[in-house]
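Engineer: If it helps, the file is called entry_6.cif and holds mmCIF, C-alpha atoms:
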```cif
data_start
#
loop_
_atom_site.label_atom_id
_atom_site.label_comp_id
_atom_site.auth_asym_id
_atom_site.auth_seq_id
_atom_site.Cartn_x
_atom_site.Cartn_y
_atom_site.Cartn_z
CA MET A 19 -14.67 2.32 12.46
CA MET A 20 -15.33 0.27 9.33
CA ASP A 21 -14.21 -3.20 8.38
CA ALA A 22 -12.89 -4.14 4.93
CA ILE A 23 -16.31 -5.10 3.54
CA GLN A 24 -17.95 -1.89 4.74
CA ALA A 25 -15.08 0.14 3.29
CA ARG A 26 -15.41 -1.58 -0.08
CA ASP A 27 -19.15 -0.92 -0.11
CA LEU A 28 -18.57 2.73 0.80
CA TYR A 29 -16.24 3.33 -2.15
CA GLN A 30 -18.61 1.55 -4.51
CA ALA A 31 -21.41 3.85 -3.31
CA HIS A 32 -19.17 6.86 -3.93
CA PHE A 33 -18.53 5.56 -7.45
CA GLU A 34 -22.23 5.17 -8.21
CA ARG A 35 -22.77 8.84 -7.35
CA LEU A 36 -19.78 9.87 -9.47
CA GLU A 37 -21.01 7.76 -12.39
CA LYS A 38 -24.33 9.60 -12.44
CA GLU A 39 -22.56 12.95 -12.24
CA LEU A 40 -20.24 12.18 -15.18
CA ALA A 41 -22.79 10.40 -17.38
CA THR A 42 -23.70 13.58 -19.27
CA ASN A 43 -20.36 15.35 -19.60
CA GLY A 44 -17.78 15.11 -22.38
CA GLN A 45 -15.87 12.31 -20.68
CA VAL A 46 -18.35 9.53 -21.44
CA TRP A 47 -15.57 7.75 -23.37
CA LEU A 48 -13.76 7.17 -20.07
CA LEU A 49 -16.70 5.47 -18.33
CA PRO A 50 -15.89 1.90 -19.51
CA ALA A 51 -12.38 2.16 -18.00
CA ARG A 52 -13.83 3.61 -14.79
CA LYS A 53 -16.35 0.76 -14.51
CA GLU A 54 -13.72 -1.87 -15.19
CA ALA A 55 -11.46 -0.34 -12.56
CA ILE A 56 -14.12 -0.26 -9.83
CA SER A 57 -15.07 -3.85 -10.62
CA HIS A 58 -11.45 -4.91 -10.14
CA PHE A 59 -11.33 -3.01 -6.85
CA ALA A 60 -14.50 -4.79 -5.70
CA ARG A 61 -12.90 -8.12 -6.58
CA LEU A 62 -9.50 -7.35 -5.02
CA GLY A 63 -10.56 -5.41 -1.94
CA PHE A 64 -7.98 -3.67 0.20
CA PRO A 65 -4.66 -5.52 0.57
CA THR A 66 -3.74 -7.06 3.92
CA THR A 67 -0.47 -8.18 5.45
CA LYS A 68 -1.28 -11.67 4.16
CA HIS A 69 -0.47 -10.38 0.66
CA GLU A 70 3.26 -10.76 0.00
CA GLU A 71 3.61 -7.27 -1.49
CA TRP A 72 2.00 -5.77 1.65
CA LYS A 73 3.57 -8.07 4.22
CA TYR A 74 5.12 -5.29 6.29
CA THR A 75 2.54 -2.54 5.76
CA SER A 76 -0.98 -2.61 7.14
CA VAL A 77 -3.53 -0.32 5.52
CA ALA A 78 -6.06 -1.01 8.27
CA PRO A 79 -5.98 2.68 9.40
CA ILE A 80 -7.08 3.68 5.88
CA VAL A 81 -9.79 1.02 5.78
CA GLN A 82 -11.25 2.00 9.14
CA ILE A 83 -11.80 5.69 8.34
CA PRO A 84 -14.85 6.57 6.18
CA PHE A 85 -13.08 8.96 3.83
CA ALA A 86 -15.35 11.09 1.66
CA PRO A 87 -14.34 12.46 -1.76
CA ALA A 88 -12.63 15.82 -1.29
CA PRO A 89 -14.92 18.71 -2.31
CA TYR A 90 -14.00 21.40 -4.80
CA ALA A 91 -12.91 24.01 -2.26
CA ARG A 92 -9.91 26.32 -1.87
CA LYS A 93 -10.43 27.12 1.84
CA GLY A 94 -8.71 30.46 1.39
CA PHE A 95 -5.51 29.07 -0.09
CA SER A 96 -3.85 31.85 -2.10
CA ALA A 97 -0.71 32.77 -3.99
CA GLU A 98 0.76 34.29 -0.82
CA ALA A 99 0.47 30.91 0.89
CA LEU A 100 2.85 29.36 -1.65
CA GLU A 101 5.68 31.36 -0.09
CA ARG A 102 5.12 29.62 3.21
CA ILE A 103 5.13 26.00 2.09
CA PRO A 104 8.18 23.87 1.24
CA PHE A 105 9.27 24.16 -2.39
CA GLY A 106 6.30 26.43 -3.18
CA THR A 107 8.30 29.12 -4.96
CA VAL A 108 10.78 27.04 -6.97
CA ALA A 109 11.41 28.77 -10.31
CA ALA A 110 9.42 26.54 -12.65
CA SER A 111 6.36 26.25 -14.80
CA ARG A 112 3.88 25.43 -12.04
CA LEU A 113 0.49 23.77 -11.77
CA VAL A 114 -1.08 23.85 -8.30
CA PHE A 115 -3.82 21.52 -7.11
CA VAL A 116 -5.71 22.12 -3.86
CA ASN A 117 -7.36 19.02 -2.37
CA GLY A 118 -6.90 17.33 -5.73
CA TYR A 119 -8.44 20.08 -7.91
CA TYR A 120 -6.61 22.41 -10.27
CA ALA A 121 -6.24 26.01 -9.08
CA PRO A 122 -5.85 28.02 -12.33
CA GLU A 123 -5.19 31.30 -10.51
CA LEU A 124 -1.96 29.80 -9.11
CA PHE A 125 -0.63 28.67 -12.50
CA ARG A 126 2.80 29.95 -13.47
CA GLU A 127 3.99 29.62 -17.04
CA GLY A 128 7.74 29.63 -17.22
CA SER A 129 10.06 29.53 -20.21
CA VAL A 130 8.47 26.86 -22.41
CA PRO A 131 9.21 25.88 -26.02
CA ALA A 132 6.55 26.02 -28.71
CA GLY A 133 4.18 23.07 -28.71
CA LEU A 134 4.71 22.13 -25.05
CA ARG A 135 1.44 21.41 -23.26
CA ILE A 136 1.13 21.86 -19.49
CA GLN A 137 -2.46 21.73 -18.32
CA SER A 138 -4.86 20.10 -15.94
CA LEU A 139 -5.85 16.57 -16.81
CA ALA A 140 -9.51 17.57 -16.51
CA ALA A 141 -9.04 20.07 -19.33
CA ALA A 142 -7.09 17.55 -21.41
CA LEU A 143 -9.83 14.92 -20.99
CA ASP A 144 -12.28 17.36 -22.55
CA GLY A 145 -10.10 19.11 -25.13
CA ASP A 146 -7.18 16.85 -25.99
CA ARG A 147 -8.75 13.39 -26.12
CA ASP A 148 -6.75 12.27 -29.17
CA ARG A 149 -3.51 12.66 -27.22
CA VAL A 150 -4.76 11.43 -23.86
CA GLU A 151 -6.91 8.40 -24.71
CA PRO A 152 -4.15 6.18 -26.24
CA HIS A 153 -2.09 6.47 -23.04
CA LEU A 154 -4.26 7.15 -19.99
CA ALA A 155 -4.58 4.01 -17.80
CA ARG A 156 -2.49 2.00 -20.30
CA TYR A 157 0.70 1.68 -18.23
CA ALA A 158 -0.26 1.62 -14.54
CA SER A 159 -2.28 -1.59 -14.38
CA PHE A 160 -5.38 -1.59 -12.18
CA ARG A 161 -6.17 -5.25 -12.65
CA ASP A 162 -4.03 -6.40 -9.75
CA ARG A 163 -3.47 -3.15 -7.81
CA PRO A 164 -6.45 -2.05 -5.72
CA PHE A 165 -5.24 1.49 -5.06
CA VAL A 166 -4.54 2.07 -8.77
CA ALA A 167 -8.02 0.68 -9.47
CA LEU A 168 -9.55 3.18 -7.02
CA ASN A 169 -7.61 6.05 -8.56
CA THR A 170 -8.66 5.07 -12.09
CA ALA A 171 -12.31 4.78 -11.10
CA PHE A 172 -12.35 8.19 -9.39
CA LEU A 173 -9.82 10.18 -11.42
CA ARG A 174 -11.09 13.70 -11.97
CA ASP A 175 -8.06 15.94 -12.15
CA GLY A 176 -4.30 16.06 -12.13
CA ALA A 177 -1.64 17.16 -14.60
CA PHE A 178 -1.16 16.49 -18.30
CA VAL A 179 2.30 17.24 -19.71
CA TYR A 180 3.16 16.74 -23.37
CA VAL A 181 6.66 17.48 -24.67
CA PRO A 182 6.88 17.52 -28.48
CA LYS A 183 9.63 15.81 -30.45
CA GLY A 184 13.07 17.39 -30.25
CA LYS A 185 12.20 19.96 -27.57
CA VAL A 186 14.44 20.78 -24.60
CA VAL A 187 12.53 22.25 -21.67
CA SER A 188 15.13 24.30 -19.81
CA GLU A 189 13.03 25.16 -16.75
CA PRO A 190 11.49 22.52 -14.47
CA ILE A 191 7.77 21.73 -14.50
CA HIS A 192 6.39 21.65 -10.95
CA LEU A 193 3.20 19.73 -10.14
CA LEU A 194 2.29 20.88 -6.62
CA TYR A 195 -0.46 19.14 -4.63
CA VAL A 196 -1.63 20.89 -1.47
CA SER A 197 -4.03 19.37 1.05
CA THR A 198 -5.63 21.95 3.32
CA GLY A 199 -6.63 19.55 6.11
CA PRO A 200 -10.45 19.80 5.91
CA GLU A 201 -12.56 19.22 9.01
CA ALA A 202 -13.99 15.97 7.61
CA SER A 203 -11.68 13.15 6.56
CA THR A 204 -11.43 13.27 2.78
CA VAL A 205 -9.69 11.43 -0.04
CA SER A 206 -8.28 12.86 -3.28
CA TYR A 207 -7.14 11.01 -6.40
CA PRO A 208 -4.43 12.97 -8.26
CA ARG A 209 -3.69 11.52 -11.70
CA ASN A 210 -0.76 12.64 -13.85
CA LEU A 211 0.01 11.72 -17.44
CA ILE A 212 3.43 12.74 -18.80
CA LEU A 213 4.31 12.13 -22.45
CA VAL A 214 7.88 12.91 -23.54
CA SER A 215 8.45 12.53 -27.27
CA ASP A 216 11.58 11.35 -29.08
CA ASP A 217 14.78 13.40 -28.66
CA SER A 218 13.26 15.63 -25.94
CA GLN A 219 14.42 16.62 -22.46
CA VAL A 220 12.36 17.66 -19.44
CA THR A 221 12.63 18.00 -15.66
CA ILE A 222 9.52 17.21 -13.60
CA VAL A 223 8.94 17.93 -9.91
CA GLU A 224 5.92 16.34 -8.21
CA SER A 225 5.36 17.45 -4.62
CA TYR A 226 2.74 16.79 -1.95
CA VAL A 227 2.34 19.12 1.01
CA GLY A 228 -0.03 19.29 3.97
CA TRP A 229 -0.98 22.94 4.50
CA GLU A 230 -2.71 22.31 7.81
CA LYS A 231 -2.87 19.42 10.22
CA GLY A 232 -5.63 16.97 9.43
CA ILE A 233 -6.50 13.37 8.67
CA TYR A 234 -6.81 12.91 4.94
CA PHE A 235 -5.90 10.36 2.28
CA THR A 236 -4.02 11.01 -0.96
CA ASN A 237 -4.16 8.21 -3.56
CA ALA A 238 -1.98 9.31 -6.49
CA VAL A 239 -1.00 7.71 -9.80
CA THR A 240 1.51 9.05 -12.36
CA GLU A 241 2.15 7.50 -15.78
CA LEU A 242 5.20 8.46 -17.83
CA LEU A 243 6.04 7.49 -21.40
CA ALA A 244 9.53 8.45 -22.63
CA GLY A 245 10.25 8.13 -26.33
CA GLU A 246 13.47 7.29 -28.15
CA ASN A 247 16.48 9.29 -26.91
CA ALA A 248 14.29 11.14 -24.41
CA VAL A 249 15.88 12.42 -21.19
CA VAL A 250 13.67 12.77 -18.10
CA ASP A 251 14.70 13.97 -14.64
CA TYR A 252 11.96 13.39 -12.07
CA THR A 253 11.81 14.43 -8.42
CA LYS A 254 9.05 13.50 -5.99
CA LEU A 255 8.81 15.31 -2.63
CA GLN A 256 6.37 13.99 -0.02
CA GLN A 257 5.75 16.20 3.00
CA GLU A 258 2.13 15.52 3.92
CA SER A 259 0.80 16.42 7.36
CA GLY A 260 1.50 14.17 10.33
CA GLY A 261 -1.97 12.61 10.28
CA ALA A 262 -2.15 11.98 6.54
CA PHE A 263 -2.08 8.77 4.51
CA HIS A 264 -0.21 8.80 1.21
CA ILE A 265 -0.39 5.98 -1.36
CA ALA A 266 1.33 6.65 -4.70
CA THR A 267 2.10 4.65 -7.83
CA PHE A 268 4.52 5.82 -10.50
CA GLN A 269 4.78 3.84 -13.74
CA ALA A 270 7.40 4.67 -16.37
CA HIS A 271 7.96 3.10 -19.79
CA LEU A 272 11.23 3.97 -21.51
CA GLY A 273 11.97 3.84 -25.21
CA ARG A 274 15.20 3.10 -27.06
CA HIS A 275 18.29 4.92 -25.70
CA SER A 276 16.15 6.98 -23.32
CA SER A 277 17.32 8.05 -19.86
CA PHE A 278 15.24 8.38 -16.69
CA VAL A 279 16.51 9.63 -13.32
CA SER A 280 14.25 9.62 -10.26
CA HIS A 281 14.71 11.21 -6.83
CA SER A 282 12.14 10.21 -4.18
CA ILE A 283 12.16 12.09 -0.85
CA ASP A 284 9.80 11.17 2.01
CA LEU A 285 9.60 13.50 5.00
CA GLY A 286 5.95 13.50 6.10
CA SER A 287 2.68 11.59 6.60
CA ALA A 288 1.68 9.01 9.19
CA LEU A 289 1.72 6.21 6.62
CA ALA A 290 3.13 6.35 3.11
CA ARG A 291 3.54 3.74 0.39
CA ASN A 292 5.41 4.46 -2.85
CA ASP A 293 5.30 2.01 -5.74
CA LEU A 294 7.84 3.07 -8.38
CA ASN A 295 7.94 0.84 -11.47
CA VAL A 296 10.14 1.30 -14.53
CA VAL A 297 10.04 -0.78 -17.71
CA LEU A 298 13.20 -0.54 -19.83
CA ASP A 299 11.41 -1.30 -23.07
CA GLY A 300 13.98 -0.09 -25.59
CA ASP A 301 17.53 -1.15 -26.43
CA GLY A 302 20.14 0.85 -24.55
CA SER A 303 17.73 2.62 -22.20
CA GLU A 304 18.84 3.45 -18.67
CA CYS A 305 17.35 4.47 -15.34
CA THR A 306 18.64 5.69 -11.99
CA LEU A 307 16.45 5.55 -8.89
CA ASN A 308 17.52 7.52 -5.82
CA GLY A 309 15.48 7.61 -2.63
CA LEU A 310 15.64 9.03 0.89
CA TYR A 311 13.18 8.56 3.74
CA LEU A 312 13.55 10.45 7.03
CA LEU A 313 11.20 9.10 9.71
CA ALA A 314 10.53 9.86 13.35
CA ASP A 315 7.93 9.21 16.05
CA GLN A 316 5.63 6.47 14.70
CA GLN A 317 5.85 7.25 10.99
CA HIS A 318 5.68 4.36 8.54
CA VAL A 319 7.04 4.58 4.98
CA ASP A 320 7.10 1.68 2.51
CA ASN A 321 9.09 1.99 -0.73
CA HIS A 322 8.46 -0.70 -3.34
CA THR A 323 10.46 -0.41 -6.56
CA ARG A 324 10.45 -2.64 -9.62
CA ILE A 325 12.73 -2.37 -12.64
CA ASP A 326 11.91 -4.58 -15.62
CA HIS A 327 14.82 -5.09 -18.03
CA VAL A 328 12.96 -6.12 -21.18
CA LYS A 329 15.41 -5.20 -23.95
CA PRO A 330 19.20 -5.72 -24.38
CA HIS A 331 22.02 -3.37 -23.34
CA CYS A 332 20.03 -1.58 -20.63
CA THR A 333 21.46 -0.17 -17.40
CA SER A 334 19.87 0.52 -14.02
CA ARG A 335 21.28 1.97 -10.82
CA GLU A 336 19.38 2.24 -7.55
CA LEU A 337 20.29 3.79 -4.19
CA TYR A 338 17.72 4.15 -1.40
CA LYS A 339 18.67 5.35 2.08
CA GLY A 340 16.66 5.64 5.27
CA VAL A 341 17.18 7.49 8.56
CA LEU A 342 14.79 6.38 11.31
CA ASP A 343 14.27 7.69 14.82
CA GLY A 344 11.72 7.13 17.57
CA ARG A 345 9.41 4.19 16.88
CA ALA A 346 9.39 4.75 13.12
CA ARG A 347 9.23 1.87 10.69
CA GLY A 348 10.63 1.73 7.18
CA VAL A 349 10.16 -0.83 4.44
CA PHE A 350 12.22 -1.23 1.29
CA ASN A 351 11.38 -3.86 -1.30
CA GLY A 352 13.39 -3.45 -4.48
CA LYS A 353 12.94 -5.88 -7.32
CA ILE A 354 14.98 -6.08 -10.52
CA ILE A 355 13.68 -8.49 -13.17
CA VAL A 356 15.88 -9.39 -16.13
CA HIS A 357 13.72 -10.93 -18.83
CA PRO A 358 14.99 -13.62 -21.26
CA SER A 359 15.01 -10.96 -24.00
CA ALA A 360 17.47 -8.70 -22.12
CA PRO A 361 21.09 -9.84 -22.55
CA LYS A 362 23.91 -7.44 -21.63
CA THR A 363 21.89 -6.08 -18.72
CA ASP A 364 23.88 -4.06 -16.17
CA ALA A 365 22.03 -3.52 -12.88
CA LYS A 366 23.00 -2.50 -9.36
CA GLN A 367 20.74 -2.03 -6.35
CA THR A 368 21.65 -0.73 -2.88
CA ASN A 369 19.60 0.00 0.23
CA LYS A 370 21.21 1.49 3.37
CA ASN A 371 19.48 2.31 6.64
CA LEU A 372 20.58 4.25 9.71
CA LEU A 373 18.72 3.66 12.99
CA LEU A 374 18.94 6.48 15.52
CA SER A 375 16.86 4.74 18.18
CA GLY A 376 16.58 1.28 19.66
CA GLU A 377 12.87 1.15 18.79
CA ALA A 378 13.15 2.09 15.10
CA LEU A 379 12.71 -0.81 12.67
CA VAL A 380 13.45 -1.47 9.01
CA ASP A 381 12.43 -4.40 6.81
CA THR A 382 14.57 -4.51 3.68
CA LYS A 383 14.26 -6.96 0.82
CA PRO A 384 16.38 -6.37 -2.29
CA GLN A 385 15.57 -8.90 -5.01
CA LEU A 386 17.01 -10.06 -8.32
CA GLU A 387 15.08 -12.27 -10.74
CA ILE A 388 17.35 -13.12 -13.65
CA PHE A 389 16.24 -15.11 -16.69
CA ASN A 390 19.26 -14.46 -18.91
CA ASN A 391 22.85 -15.60 -18.33
CA ASP A 392 24.61 -12.74 -20.11
CA VAL A 393 24.16 -10.07 -17.41
CA ARG A 394 26.00 -8.18 -14.68
CA CYS A 395 23.80 -7.65 -11.62
CA THR A 396 24.47 -6.94 -7.94
CA HIS A 397 22.34 -6.01 -4.96
CA GLY A 398 22.75 -5.47 -1.23
CA SER A 399 21.37 -3.83 1.89
CA THR A 400 22.64 -2.65 5.28
CA ILE A 401 21.02 -1.70 8.59
CA GLY A 402 23.07 -0.14 11.35
CA GLN A 403 23.66 2.68 13.80
CA VAL A 404 25.99 5.66 13.65
CA ASP A 405 29.62 4.48 13.36
CA GLN A 406 31.16 4.69 16.82
CA ASP A 407 34.69 4.91 15.43
CA ALA A 408 33.67 7.93 13.37
CA ILE A 409 32.08 9.52 16.44
CA PHE A 410 35.24 8.92 18.43
CA TYR A 411 37.31 10.54 15.67
CA LEU A 412 35.09 13.64 15.51
CA ARG A 413 35.00 14.01 19.28
CA SER A 414 38.80 13.79 19.35
CA ARG A 415 38.73 16.84 17.07
CA GLY A 416 36.65 18.82 19.57
CA LEU A 417 33.03 18.11 18.59
CA GLU A 418 30.41 17.39 21.24
CA LEU A 419 28.67 14.00 21.07
CA GLU A 420 25.36 15.28 19.66
CA ALA A 421 27.14 17.46 17.13
CA ALA A 422 29.19 14.49 15.95
CA ARG A 423 26.08 12.31 15.60
CA SER A 424 24.25 15.05 13.70
CA LEU A 425 27.13 15.61 11.31
CA LEU A 426 27.45 11.90 10.49
CA THR A 427 23.70 11.52 10.00
CA TYR A 428 23.60 14.59 7.77
CA ALA A 429 26.45 13.22 5.65
CA PHE A 430 24.65 9.87 5.34
CA ALA A 431 21.48 11.53 4.02
CA THR A 432 23.10 14.03 1.66
CA GLU A 433 24.59 11.26 -0.46
CA VAL A 434 21.10 11.13 -1.97
CA THR A 435 20.00 14.78 -1.88
CA GLU A 436 23.19 16.08 -3.47
CA ARG A 437 22.25 14.13 -6.61
CA ILE A 438 19.19 16.32 -7.18
CA ARG A 439 20.00 18.62 -10.07
CA ILE A 440 17.62 21.48 -9.25
CA GLU A 441 19.67 23.80 -7.08
CA ALA A 442 16.72 25.49 -5.33
CA ILE A 443 15.27 22.15 -4.19
CA ARG A 444 18.67 20.82 -3.20
CA THR A 445 19.32 23.95 -1.10
CA GLU A 446 15.95 23.81 0.66
CA LEU A 447 16.35 20.11 1.39
CA ASP A 448 19.79 20.81 2.79
CA HIS A 449 18.25 23.35 5.16
CA LEU A 450 15.54 20.88 6.21
CA LEU A 451 18.14 18.20 6.90
CA MET A 452 20.29 20.53 8.97
CA THR A 453 17.23 21.69 10.91
CA ARG A 454 16.03 18.18 11.65
CA PHE A 455 19.38 16.74 12.65
CA GLN A 456 20.06 19.69 14.94
CA GLY A 457 16.80 18.92 16.75
CA ASP A 458 14.98 22.11 15.78
CA SER A 459 11.26 21.61 16.43
CA ARG A 460 10.33 24.12 13.72
CA LEU A 461 10.58 21.36 11.13
CA ASN A 462 7.55 19.62 12.58
CA LYS A 463 5.48 22.79 12.11
CA LEU A 464 5.96 23.07 8.37
#
```
Can the structure from this file be put into structure tokens for me?
Structural biologist:
Amino acid sequence: MMDAIQARDLYQAHFERLEKELATNGQVWLLPARKEAISHFARLGFPTTKHEEWKYTSVAPIVQIPFAPAPYARKGFSAEALERIPFGTVAASRLVFVNGYYAPELFREGSVPAGLRIQSLAAALDGDRDRVEPHLARYASFRDRPFVALNTAFLRDGAFVYVPKGKVVSEPIHLLYVSTGPEASTVSYPRNLILVSDDSQVTIVESYVGWEKGIYFTNAVTELLAGENAVVDYTKLQQESGGAFHIATFQAHLGRHSSFVSHSIDLGSALARNDLNVVLDGDGSECTLNGLYLLADQQHVDNHTRIDHVKPHCTSRELYKGVLDGRARGVFNGKIIVHPSAPKTDAKQTNKNLLLSGEALVDTKPQLEIFNNDVRCTHGSTIGQVDQDAIFYLRSRGLELEAARSLLTYAFATEVTERIRIEAIRTELDHLLMTRFQGDSRLNKL
């Protein structure tokens, strides 16, 4: 096992090899940003529980394992395999990445308007530099975030989505990341850049799935820029394998009168951390953040959200819910910041947690930082067990105890999932919830 210094040195050595490999290709223009990012990582090191933002989440298991960069390998993953993984066949324009690398043979082009670009980021770095360079690594800061710094230094592939002005994309765009559980412990660095122009509408699905059991590390970053009057519906589905580590940062910047709705669902991995940050940078913009984390055994999921109200007349709504069983641990840290320049802000934040076992634990910390008096803001959190009065009522109507508990837990969780607008995903999630709450062990084999 490695310590923090050895781990830092290992990643710097990996970067030196990558730097030599990329020195002669068409992406030389990206090298200064890569070098700056790795230098910030070397300065910051891995976070510890002494850092306030990581107080309840230790990344020591990630530090101790000598992860190697994932190789360019398919390991037999084929189109037929998509039918056997969660959400693999959702009707959508689809880009598939295996161990972090684009698999062009699995691409599906749905109904797309003229001018829409859906391609691998690797291809965009080479062929669409004029569109990519002004935005890549401009929104998700790597100067104070070590995992974003690592991703920026090592970014090789991911998705690039460009929606032209005034276009309505009727079918979802699905960015599917599959890890095949290689024999050696590997790390991949998915990077997504999504640009939605003025007066456009798009639905994005970003999902992470473990195809086989294995110990691997996914370090993902997604940047989204939404223009004036843009409408973006975004769903993230995390169902990595039981031995995986998943660290993800999502950074959104919203223009005037734009609308952003996010649905974040965590079902898998041994340890997951989601940083979701939204900057309301245009008058009248609005965002809605919905989240659900279902944990069992010794799973650990940490959701950190931050909403920056920068301009006037902006609205935000946030609802995150957790269901925890076994010795699972959940963390919710939601921060809403109202800047002095943001009068008439309307913000509401709620976190609710349901503990199904006496050993499950949740640390919840909703926060408001308000620097303007002309606002309307509320926040709150709850932690509890299944309502005994409700159980008594259901049992008086003939339900067995376990059936009553399952029904109440299912109803608690579906308050979030029923808000997902894509029917196929909502239906599959409903099946997964019913399976899990009825104690069917098949869920753990997905």
Engineer: Apply the PyMOL selection byres ((chain A and resi 206) around 12) to the structure shown and report the selected residues as a ChimeraX atom specification.
Structural biologist: /A:85-90,115-120,165,168-176,195-200,203-205,207-209,226,234-239,262-266
Engineer: Give as a CSV table (one decimal) with C-alpha atoms, in the frame of the given file the residues that the PyMOL selection byres ((chain A and resi 253) around 8) matches when applied to the coordinates above.
Structural biologist:
```
chain,number,residue,atom,x,y,z
A,222,ILE,CA,9.5,17.2,-13.6
A,223,VAL,CA,8.9,17.9,-9.9
A,224,GLU,CA,5.9,16.3,-8.2
A,251,ASP,CA,14.7,14.0,-14.6
A,252,TYR,CA,12.0,13.4,-12.1
A,254,LYS,CA,9.0,13.5,-6.0
A,255,LEU,CA,8.8,15.3,-2.6
A,280,SER,CA,14.2,9.6,-10.3
A,281,HIS,CA,14.7,11.2,-6.8
A,282,SER,CA,12.1,10.2,-4.2
A,283,ILE,CA,12.2,12.1,-0.8
A,438,ILE,CA,19.2,16.3,-7.2
```
Engineer: To one decimal in Å, tell me the separation between atom CA of A:Gly344 and atom CA of A:Leu373.
Structural biologist: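 Interatomic distance, atom CA of A:Gly344 to atom CA of A:Leu373: 9.1 Å.
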Engineer: Which residue out of A:Thr306, A:Gln406, A:Gln317, A:Thr363 has the minimum interatomic distance to A:Glu258 when all atoms listed in the file are used?
Structural biologist: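 Going through A:Thr306, A:Gln406, A:Gln317, A:Thr363 one by one, the smallest distance to A:Glu258 is for A:Gln317.
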Engineer: Of the candidates A:Val297, A:Leu425, A:Ala244, A:Val46, which shows the shortest atom-to-atom distance to A:Ala158, using only C-alpha atoms?
Structural biologist: A:Val297
Engineer: Of the candidates A:Gly302, A:Pro384, A:Gly106, A:Gly245, which one gets nearest to A:Tyr180 if we count all atoms listed in the file?
Structural biologist: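 Counting all atoms listed in the file, the residue closest to A:Tyr180 is A:Gly245.
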Engineer: Can you list, as a list in words, the residues that the PyMOL selection byres ((chain A and resi 394) around 7) selects here?
Structural biologist: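 Written out, the selection comes to Thr363, Asp364, Ala365, Val393 and Cys395 of chain A.
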Engineer: Within 7 Å of stretch 329-331 of chain A, counting only C-alpha atoms, which residues show up once you throw out same-chain ones fewer than 6 positions away? Write them as a list in words, please.
Structural biologist: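 In the requested format, the answer is Leu298, Asp299, Gly300, Asp301, Gly302, Ser359, Ala360, Pro361, Lys362 and Thr363 of chain A.
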Engineer: Interatomic distance between atom CA of A:Tyr428 and atom CA of A:Gln367?
Structural biologist: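 Spanning atom CA of A:Tyr428 to atom CA of A:Gln367 is a straight-line distance of 22.0 Å.
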